[in-house]
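*Asks:* What follows is upload22.cif; its format and atoms are mmCIF, C-alpha atoms.
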```
data_upload
#
loop_
_atom_site.label_atom_id
_atom_site.label_comp_id
_atom_site.auth_asym_id
_atom_site.auth_seq_id
_atom_site.Cartn_x
_atom_site.Cartn_y
_atom_site.Cartn_z
CA MET A 1 69.12 83.50 115.13
CA GLY A 2 71.29 86.58 114.53
CA ARG A 3 74.17 86.63 112.12
CA LYS A 4 77.72 87.15 113.33
CA ILE A 5 79.42 89.67 111.06
CA PHE A 6 83.11 90.52 110.98
CA VAL A 7 83.97 94.00 109.65
CA SER A 8 87.39 94.68 108.12
CA TYR A 9 88.42 98.31 107.54
CA LYS A 10 91.25 100.85 107.76
CA HIS A 11 90.52 102.30 111.20
CA ASN A 12 92.05 105.76 110.78
CA ASP A 13 91.43 106.36 107.06
CA ARG A 14 90.26 109.98 106.79
CA ALA A 15 89.86 109.95 102.98
CA VAL A 16 86.11 109.51 103.44
CA ALA A 17 83.09 111.83 103.26
CA SER A 18 82.53 113.73 106.50
CA GLU A 19 79.47 113.17 108.67
CA VAL A 20 77.63 115.97 110.47
CA GLY A 21 79.02 116.47 113.96
CA ILE A 22 82.00 114.15 113.45
CA GLN A 23 85.30 115.89 112.72
CA PRO A 24 87.37 114.34 111.40
CA THR A 25 85.31 111.44 110.04
CA THR A 26 87.17 108.16 109.59
CA ALA A 27 86.23 104.76 108.19
CA ARG A 28 85.61 103.70 111.80
CA ASN A 29 82.65 106.10 112.05
CA TYR A 30 80.94 104.32 109.14
CA VAL A 31 81.20 101.05 111.07
CA ASP A 32 79.29 102.69 113.94
CA VAL A 33 76.49 103.68 111.55
CA LEU A 34 76.45 100.20 110.03
CA GLU A 35 76.11 98.60 113.45
CA LYS A 36 73.05 100.71 114.24
CA ARG A 37 71.36 99.68 110.98
CA LEU A 38 71.72 95.92 111.32
CA GLU A 39 68.77 93.72 112.20
CA VAL A 40 68.02 92.94 115.83
CA GLY A 41 70.09 89.93 116.86
CA ASP A 42 72.91 90.54 114.39
CA HIS A 43 76.28 90.98 116.08
CA ILE A 44 79.40 92.71 114.78
CA TYR A 45 82.99 91.73 115.39
CA LYS A 46 85.15 94.75 114.53
CA GLY A 47 88.66 94.52 113.16
CA GLU A 48 89.97 96.78 115.93
CA ARG A 49 93.71 97.19 116.49
CA ASN A 50 96.15 99.78 117.67
CA ASN A 51 98.58 99.53 114.76
CA GLU A 52 98.09 98.78 111.05
CA ASP A 53 101.74 97.76 110.65
CA ILE A 54 102.13 94.12 111.68
CA SER A 55 105.53 93.51 110.13
CA GLY A 56 106.91 92.57 113.57
CA LEU A 57 104.32 89.85 114.20
CA LYS A 58 104.78 86.18 113.40
CA GLU A 59 102.13 84.46 111.26
CA ALA A 60 101.14 82.23 114.19
CA THR A 61 100.46 85.32 116.31
CA ILE A 62 98.32 86.84 113.55
CA ALA A 63 96.43 83.56 113.19
CA ASP A 64 95.68 83.32 116.90
CA HIS A 65 94.44 86.91 117.00
CA LEU A 66 92.15 86.49 113.99
CA CYS A 67 90.80 83.08 114.99
CA ASP A 68 89.70 84.53 118.33
CA LYS A 69 87.74 87.27 116.57
CA MET A 70 86.50 85.52 113.45
CA TYR A 71 85.86 81.85 114.15
CA ASP A 72 82.12 82.18 114.85
CA SER A 73 81.42 84.74 112.11
CA SER A 74 79.57 83.74 108.94
CA VAL A 75 79.70 87.02 107.01
CA THR A 76 82.63 89.39 106.44
CA ILE A 77 82.11 92.99 105.36
CA VAL A 78 85.13 94.79 103.93
CA MET A 79 84.99 98.58 103.90
CA ILE A 80 86.73 99.81 100.74
CA SER A 81 88.09 103.32 101.32
CA LYS A 82 90.45 105.42 99.25
CA GLY A 83 93.25 105.33 101.81
CA MET A 84 92.86 101.74 102.93
CA LYS A 85 96.27 100.62 101.65
CA ALA A 86 99.34 101.75 103.54
CA HIS A 87 102.80 101.97 101.94
CA LEU A 88 103.72 98.55 103.32
CA SER A 89 103.87 95.01 102.03
CA GLU A 90 100.36 93.55 101.90
CA SER A 91 101.43 90.80 104.29
CA ASP A 92 102.36 93.52 106.81
CA GLN A 93 98.81 94.94 106.96
CA TRP A 94 95.76 93.58 108.75
CA ILE A 95 93.08 93.77 106.04
CA PRO A 96 94.58 91.14 103.66
CA TRP A 97 94.97 88.71 106.57
CA GLU A 98 91.37 89.34 107.68
CA ILE A 99 90.12 88.60 104.17
CA SER A 100 92.29 85.49 103.95
CA TYR A 101 91.02 84.08 107.25
CA SER A 102 87.44 84.94 106.27
CA LEU A 103 87.82 82.72 103.22
CA LYS A 104 89.63 79.85 104.91
CA GLU A 105 88.04 76.98 106.83
CA MET A 106 89.27 77.35 110.40
CA SER A 107 89.47 74.47 112.89
CA ARG A 108 89.01 74.99 116.61
CA GLY A 109 87.99 72.67 119.43
CA GLY A 110 87.30 69.81 117.06
CA ARG A 111 85.03 71.93 114.84
CA THR A 112 85.73 73.51 111.45
CA SER A 113 84.16 76.77 110.33
CA ALA A 114 83.08 77.33 106.71
CA THR A 115 84.19 80.03 104.29
CA ASN A 116 82.41 83.30 105.08
CA ALA A 117 80.01 85.12 102.81
CA MET A 118 81.81 88.27 101.61
CA LEU A 119 80.53 91.78 100.97
CA ALA A 120 82.60 94.82 99.99
CA ILE A 121 81.12 98.24 100.75
CA VAL A 122 82.65 101.18 98.89
CA LEU A 123 82.80 104.28 101.10
CA PRO A 124 82.48 107.76 99.53
CA ASP A 125 85.73 109.69 99.52
CA GLU A 126 86.29 113.17 100.96
CA TYR A 127 84.62 114.65 97.84
CA ARG A 128 81.56 112.40 98.38
CA SER A 129 82.49 110.47 95.26
CA TYR A 130 82.93 106.78 94.46
CA ASP A 131 84.93 107.52 91.30
CA TYR A 132 88.21 106.42 92.87
CA PHE A 133 86.88 102.85 92.55
CA ILE A 134 83.67 102.79 90.47
CA GLN A 135 83.89 104.66 87.18
CA GLN A 136 80.98 105.05 84.80
CA SER A 137 81.76 104.48 81.13
CA MET A 138 81.02 107.34 78.73
CA CYS A 139 80.12 104.80 76.05
CA GLN A 140 76.60 105.46 74.75
CA SER A 141 76.20 101.80 73.85
CA CYS A 142 77.06 99.77 76.96
CA ARG A 143 76.93 102.46 79.71
CA CYS A 144 78.84 100.00 81.89
CA SER A 145 80.48 100.51 85.27
CA ASN A 146 84.21 99.86 85.59
CA TYR A 147 85.70 98.74 88.91
CA ARG A 148 89.27 99.90 89.53
CA THR A 149 90.31 96.65 91.16
CA ASP A 150 93.95 97.62 90.61
CA ILE A 151 93.77 99.88 93.69
CA LEU A 152 92.73 97.01 95.96
CA PHE A 153 94.71 94.52 97.99
CA GLU A 154 95.54 91.58 95.73
CA ILE A 155 93.41 89.08 97.68
CA LEU A 156 90.41 91.40 97.26
CA ARG A 157 91.07 91.92 93.57
CA ARG A 158 91.48 88.21 92.82
CA ASN A 159 88.14 87.37 94.41
CA MET A 160 86.24 89.77 92.19
CA PHE A 161 85.19 88.77 88.68
CA ASN A 162 86.31 85.24 89.54
CA ARG A 163 83.33 83.18 88.37
CA LYS A 164 84.65 79.97 86.81
CA ASN A 165 82.51 80.08 83.66
CA PRO A 166 81.44 83.69 83.21
CA THR A 167 79.06 84.85 80.51
CA LEU A 168 81.04 87.49 78.64
CA THR A 169 80.61 89.71 75.64
CA THR A 170 82.41 92.74 74.21
CA CYS A 171 80.89 96.14 73.54
CA ASN A 172 81.00 96.75 69.78
CA LEU A 173 81.49 100.47 70.28
CA CYS A 174 84.13 100.86 73.03
CA GLY A 175 85.54 97.33 73.24
CA SER A 176 84.88 96.92 76.97
CA LYS A 177 84.55 93.39 78.35
CA LEU A 178 81.04 92.99 79.76
CA TYR A 179 79.88 90.46 82.37
CA TYR A 180 76.30 89.26 81.97
CA ASP A 181 76.19 87.04 85.06
CA LYS A 182 74.09 88.43 87.90
CA HIS A 183 76.91 87.76 90.36
CA PRO A 184 80.28 87.60 88.56
CA SER A 185 82.27 88.00 91.80
CA TYR A 186 82.50 85.97 95.00
CA ILE A 187 83.05 89.22 96.90
CA HIS A 188 79.89 91.17 96.13
CA VAL A 189 80.24 94.97 95.85
CA ALA A 190 77.85 97.76 96.88
CA THR A 191 78.32 101.47 97.44
CA TRP A 192 77.69 102.82 100.92
CA SER A 193 74.54 104.63 99.75
CA GLU A 194 73.18 101.43 98.19
CA PHE A 195 74.01 99.33 101.22
CA ILE A 196 72.70 101.66 103.91
CA SER A 197 69.33 101.97 102.15
CA ASN A 198 68.76 98.22 102.56
CA PRO A 199 71.53 96.47 104.55
CA ASN A 200 69.74 93.14 104.88
CA HIS A 201 69.30 92.82 101.11
CA TYR A 202 73.03 93.09 100.44
CA ILE A 203 74.02 90.81 103.30
CA GLU A 204 71.53 88.18 102.10
CA THR A 205 72.89 88.54 98.55
CA ALA A 206 76.40 87.76 99.84
CA ILE A 207 75.02 84.71 101.68
CA LYS A 208 73.32 83.43 98.51
CA ILE A 209 76.59 83.78 96.60
CA LYS A 210 78.35 81.80 99.33
CA GLU A 211 75.82 78.98 98.85
CA ASP A 212 77.02 78.82 95.22
CA SER A 213 80.73 79.07 96.16
CA ASP A 214 81.72 76.12 93.95
CA SER A 215 81.04 78.35 90.94
CA TYR A 216 83.96 80.62 91.87
CA ASP A 217 87.75 80.35 91.85
CA ILE A 218 88.26 81.54 95.42
CA VAL A 219 91.75 82.70 96.37
CA LYS A 220 92.37 82.24 100.09
CA GLU A 221 96.06 83.00 100.49
CA ILE A 222 97.91 86.33 100.52
CA GLY A 223 100.35 86.90 97.70
#
```
Represent the structure contained in this file as structure tokens.
*Replies:*
Amino acid sequence: MGRKIFVSYKHNDRAVASEVGIQPTTARNYVDVLEKRLEVGDHIYKGERNNEDISGLKEATIADHLCDKMYDSSVTIVMISKGMKAHLSESDQWIPWEISYSLKEMSRGGRTSATNAMLAIVLPDEYRSYDYFIQQSMCQSCRCSNYRTDILFEILRRNMFNRKNPTLTTCNLCGSKLYYDKHPSYIHVATWSEFISNPNHYIETAIKIKEDSDSYDIVKEIG
């Protein structure tokens, strides 16, 4: 049986690496590539909309819209792109609401859906770099990767590195906090190049993390 996957992304974000024959490339074009690489039977629900600014919508209207699209999904993929955040309140943008409703249990027709598995895919920016979010430490001891979660929507940030009892240590040389757990975050992260080389592996990893969801402090509300 195919998986039903909801994809959340900033539709018109052009701060992404260009693709041959597509000018300008936007985050939406990466969703098209993703859809072609999924397994037979998998089905995508896209977070399509005409306007990112939803400040004029009531919460009940937002809920109805998202329930229609997301109720039957079991996996949510969030496309992290450099320009994903508009200069608006987070509650006035679609992506935080889509993440929130992915994490909530939704009731409909006498049935209640479970919290979705969550996967964040980091898109390369216009310089074909991931450095805006993933930065490699120069420390010769730990050689760790640092995630700039401060650039994310709060609900994304709070569901990363949120394992209840993490295994932590500190690098003796640079003082960085190091996570030794295989999956320290409920929202698993992969770069686009990692993901597209083996999409099923990363989706299945997110599903396995979901099966261990009690090990995480999951934040489901915006703000």
*Asks:* Using all atoms listed in the file, which of the listed residues (A:Ile222, A:Leu152, A:Leu119, A:Leu173) sits closest to His188 in chain A?
*Replies:* A:Leu119
*Asks:* Under the PyMOL selection byres ((chain A and resi 133) around 12), which residues of this model are included? Write them out as a PyMOL selection string.
*Replies:* chain A and resi 80-83+120-125+129-132+134-136+145-152+157+189-191
*Asks:* Which residues, written as a compact mmCIF listing (two decimals) with C-alpha atoms, in the coordinates of the input, have at least one atom at most 12 Å from Asn198 in chain A, with all atoms listed in the file counted and residues fewer than 5 positions away on the same chain left out?
*Replies:*
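What landed in part_23.txt:
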```
# COMPACT_ATOMS: atom_id res chain seq x y z
CA LEU A 34 76.45 100.20 110.03
CA ARG A 37 71.36 99.68 110.98
CA LEU A 38 71.72 95.92 111.32
CA GLU A 39 68.77 93.72 112.20
CA ALA A 190 77.85 97.76 96.88
CA THR A 191 78.32 101.47 97.44
CA TRP A 192 77.69 102.82 100.92
CA SER A 193 74.54 104.63 99.75
CA ILE A 203 74.02 90.81 103.30
CA GLU A 204 71.53 88.18 102.10
CA THR A 205 72.89 88.54 98.55
```
*Asks:* Go ahead and compute the interatomic distance for CA of Asp92 in chain A and CA of Asn116 in chain A, in Å to one decimal.
*Replies:*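 Calculated distance between CA of Asp92 in chain A and CA of Asn116 in chain A is 22.5 Å.
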*Asks:* If the PyMOL selection byres ((chain A and resi 74) around 6) were run on this exact file, what residues would it hold? Put them as a list in words.
*Replies:* Lys4, Ser73, Val75 and Asn116 of chain A
*Asks:* Generate a file of the selected residues that holds C-alpha atoms, formatted as a JSON list (two decimals), keeping the file's coordinate frame.
*Replies:*
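Once everything was written out, this is result37.json:
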```json
[["chain", "number", "residue", "atom", "x", "y", "z"],
["A", 4, "LYS", "CA", 77.72, 87.15, 113.33],
["A", 73, "SER", "CA", 81.42, 84.74, 112.11],
["A", 75, "VAL", "CA", 79.70, 87.02, 107.01],
["A", 116, "ASN", "CA", 82.41, 83.30, 105.08]]
```
*Asks:* List, as a PDB file with C-alpha atoms, keeping the file's coordinate frame, every residue that the PyMOL selection byres ((chain A and resi 212) around 12) selects in the file provided.
*Replies:*
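In the end it all went to part.pdb:
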```pdb
ATOM      1  CA  THR A 115      84.190  80.030 104.290  1.00  0.00           C
ATOM      2  CA  ALA A 117      80.010  85.120 102.810  1.00  0.00           C
ATOM      3  CA  ARG A 163      83.330  83.180  88.370  1.00  0.00           C
ATOM      4  CA  LYS A 164      84.650  79.970  86.810  1.00  0.00           C
ATOM      5  CA  HIS A 183      76.910  87.760  90.360  1.00  0.00           C
ATOM      6  CA  PRO A 184      80.280  87.600  88.560  1.00  0.00           C
ATOM      7  CA  SER A 185      82.270  88.000  91.800  1.00  0.00           C
ATOM      8  CA  TYR A 186      82.500  85.970  95.000  1.00  0.00           C
ATOM      9  CA  THR A 205      72.890  88.540  98.550  1.00  0.00           C
ATOM     10  CA  ALA A 206      76.400  87.760  99.840  1.00  0.00           C
ATOM     11  CA  ILE A 207      75.020  84.710 101.680  1.00  0.00           C
ATOM     12  CA  LYS A 208      73.320  83.430  98.510  1.00  0.00           C
ATOM     13  CA  ILE A 209      76.590  83.780  96.600  1.00  0.00           C
ATOM     14  CA  LYS A 210      78.350  81.800  99.330  1.00  0.00           C
ATOM     15  CA  GLU A 211      75.820  78.980  98.850  1.00  0.00           C
ATOM     16  CA  SER A 213      80.730  79.070  96.160  1.00  0.00           C
ATOM     17  CA  ASP A 214      81.720  76.120  93.950  1.00  0.00           C
ATOM     18  CA  SER A 215      81.040  78.350  90.940  1.00  0.00           C
ATOM     19  CA  TYR A 216      83.960  80.620  91.870  1.00  0.00           C
ATOM     20  CA  ASP A 217      87.750  80.350  91.850  1.00  0.00           C
ATOM     21  CA  ILE A 218      88.260  81.540  95.420  1.00  0.00           C
TER      22      ILE A 218
END
```
*Asks:* Of the residues A:Ser141, A:Thr61, A:Ser91, A:Thr76, which is the one nearest to Glu154 in chain A, using only C-alpha atoms?
*Replies:*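 Among the listed residues, the smallest separation from Glu154 in chain A belongs to A:Ser91.
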*Asks:* So, with only C-alpha atoms as the atoms that count, which of A:Tyr30, A:Tyr127, A:Tyr202, A:Phe161 lies closest to Leu178 in chain A?
*Replies:*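 Going through A:Tyr30, A:Tyr127, A:Tyr202, A:Phe161 one by one, the smallest distance to Leu178 in chain A is for A:Phe161.
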*Asks:* Could you please determine the separation between CA of Met79 in chain A and CA of Ser8 in chain A in Å, to one decimal place?
*Replies:*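 Going from CA of Met79 in chain A over to CA of Ser8 in chain A, I get 6.2 Å.
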*Asks:* Pick out the residues sitting within 9 Å of Val7 in chain A, and hand them over as a compact mmCIF listing (two decimals) with C-alpha atoms, in the frame of the given file; count all atoms listed in the file, and ignore anything fewer than 3 positions along from it in its own chain.
*Replies:*
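Output saved as part_1.txt:
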```txt
# COMPACT_ATOMS: atom_id res chain seq x y z
CA VAL A 31 81.20 101.05 111.07
CA ILE A 44 79.40 92.71 114.78
CA TYR A 45 82.99 91.73 115.39
CA LYS A 46 85.15 94.75 114.53
CA GLY A 47 88.66 94.52 113.16
CA VAL A 75 79.70 87.02 107.01
CA THR A 76 82.63 89.39 106.44
CA ILE A 77 82.11 92.99 105.36
CA VAL A 78 85.13 94.79 103.93
CA MET A 79 84.99 98.58 103.90
CA GLU A 98 91.37 89.34 107.68
```
*Asks:* Output, as lines of an AutoDock Vina configuration file, the centre and edge lengths in Å (one decimal) of the axis-aligned box that contains all listed atoms of range 129-137 of chain A with 5 Å of margin on each side.
*Replies:*
```
center_x = 84.6
center_y = 106.6
center_z = 88.2
size_x = 17.2
size_y = 17.7
size_z = 24.1
```
*Asks:* Figure out the distance between CA of Ser113 in chain A and CA of Asp72 in chain A, please, to one decimal in Å.
*Replies:*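 Straight-line distance from CA of Asp72 in chain A to CA of Ser113 in chain A works out to 7.3 Å.
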*Asks:* Choose the residue, out of A:Asn159, A:Arg143, A:Trp94, A:Glu194, that has the smallest atom-to-atom separation from His65 in chain A; count all atoms listed in the file.
*Replies:*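 The closest residue to His65 in chain A is A:Trp94.
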*Asks:* Skipping near chain neighbours, those fewer than 4 positions away, what residues fall within 9 Å of Trp97 in chain A using all atoms listed in the file, listed as a ChimeraX atom specification?
*Replies:* /A:62-63,66,90-93,101-102,221-222
*Asks:* Counting all atoms listed in the file, which of A:Ser176, A:Cys139, A:Ala60, A:Phe153 gets nearest to Ser89 in chain A?
*Replies:*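 Once distances to Ser89 in chain A are computed over all atoms listed in the file, the minimum belongs to A:Phe153.
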*Asks:* Restricting the calculation to all atoms listed in the file, which member of A:Met160, A:Leu88, A:Met118, A:Leu168 is positioned closest to Leu103 in chain A?
*Replies:*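 Closest to Leu103 in chain A of all the choices is A:Met118.
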*Asks:* Generate the missing atoms of range 25-41 of chain A up to N, CA, C and O atoms and report them as an mmCIF file, in the coordinates of the input.
*Replies:*
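Result went into rebuild_22.cif, see below:
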```
data_model
loop_
_atom_site.group_PDB
_atom_site.id
_atom_site.type_symbol
_atom_site.label_atom_id
_atom_site.label_comp_id
_atom_site.auth_asym_id
_atom_site.auth_seq_id
_atom_site.Cartn_x
_atom_site.Cartn_y
_atom_site.Cartn_z
ATOM 1 N N THR A 25 85.960 112.738 110.255
ATOM 2 C CA THR A 25 85.310 111.440 110.040
ATOM 3 C C THR A 25 86.355 110.447 109.545
ATOM 4 O O THR A 25 87.202 110.778 108.723
ATOM 5 N N THR A 26 86.301 109.230 110.063
ATOM 6 C CA THR A 26 87.170 108.160 109.590
ATOM 7 C C THR A 26 86.322 106.966 109.175
ATOM 8 O O THR A 26 85.103 106.940 109.407
ATOM 9 N N ALA A 27 86.957 105.972 108.573
ATOM 10 C CA ALA A 27 86.230 104.760 108.190
ATOM 11 C C ALA A 27 85.567 104.115 109.404
ATOM 12 O O ALA A 27 84.495 103.508 109.297
ATOM 13 N N ARG A 28 86.168 104.266 110.574
ATOM 14 C CA ARG A 28 85.610 103.700 111.800
ATOM 15 C C ARG A 28 84.215 104.242 112.103
ATOM 16 O O ARG A 28 83.344 103.518 112.595
ATOM 17 N N ASN A 29 83.949 105.510 111.791
ATOM 18 C CA ASN A 29 82.650 106.100 112.050
ATOM 19 C C ASN A 29 81.545 105.454 111.201
ATOM 20 O O ASN A 29 80.394 105.346 111.637
ATOM 21 N N TYR A 30 81.907 105.006 109.994
ATOM 22 C CA TYR A 30 80.940 104.320 109.140
ATOM 23 C C TYR A 30 80.561 102.957 109.732
ATOM 24 O O TYR A 30 79.430 102.491 109.582
ATOM 25 N N VAL A 31 81.499 102.330 110.417
ATOM 26 C CA VAL A 31 81.200 101.050 111.070
ATOM 27 C C VAL A 31 80.163 101.258 112.175
ATOM 28 O O VAL A 31 79.264 100.441 112.368
ATOM 29 N N ASP A 32 80.268 102.380 112.906
ATOM 30 C CA ASP A 32 79.290 102.690 113.940
ATOM 31 C C ASP A 32 77.884 102.832 113.353
ATOM 32 O O ASP A 32 76.900 102.346 113.916
ATOM 33 N N VAL A 33 77.786 103.520 112.207
ATOM 34 C CA VAL A 33 76.490 103.680 111.550
ATOM 35 C C VAL A 33 75.959 102.337 111.080
ATOM 36 O O VAL A 33 74.780 102.003 111.259
ATOM 37 N N LEU A 34 76.839 101.536 110.488
ATOM 38 C CA LEU A 34 76.450 100.200 110.030
ATOM 39 C C LEU A 34 75.875 99.377 111.175
ATOM 40 O O LEU A 34 74.830 98.729 111.027
ATOM 41 N N GLU A 35 76.542 99.413 112.317
ATOM 42 C CA GLU A 35 76.110 98.600 113.450
ATOM 43 C C GLU A 35 74.692 98.975 113.896
ATOM 44 O O GLU A 35 73.891 98.116 114.259
ATOM 45 N N LYS A 36 74.379 100.250 113.830
ATOM 46 C CA LYS A 36 73.050 100.710 114.240
ATOM 47 C C LYS A 36 71.959 100.293 113.255
ATOM 48 O O LYS A 36 70.786 100.229 113.617
ATOM 49 N N ARG A 37 72.347 99.996 112.012
ATOM 50 C CA ARG A 37 71.360 99.680 110.980
ATOM 51 C C ARG A 37 71.132 98.187 110.773
ATOM 52 O O ARG A 37 70.288 97.798 109.972
ATOM 53 N N LEU A 38 71.897 97.361 111.470
ATOM 54 C CA LEU A 38 71.720 95.920 111.320
ATOM 55 C C LEU A 38 70.436 95.454 111.989
ATOM 56 O O LEU A 38 69.859 96.150 112.828
ATOM 57 N N GLU A 39 69.976 94.272 111.610
ATOM 58 C CA GLU A 39 68.770 93.720 112.200
ATOM 59 C C GLU A 39 69.003 93.346 113.662
ATOM 60 O O GLU A 39 70.132 93.051 114.078
ATOM 61 N N VAL A 40 67.937 93.361 114.428
ATOM 62 C CA VAL A 40 68.020 92.940 115.830
ATOM 63 C C VAL A 40 68.535 91.503 115.890
ATOM 64 O O VAL A 40 68.066 90.628 115.172
ATOM 65 N N GLY A 41 69.519 91.278 116.727
ATOM 66 C CA GLY A 41 70.090 89.930 116.860
ATOM 67 C C GLY A 41 71.402 89.765 116.123
ATOM 68 O O GLY A 41 72.208 88.897 116.471
#
```
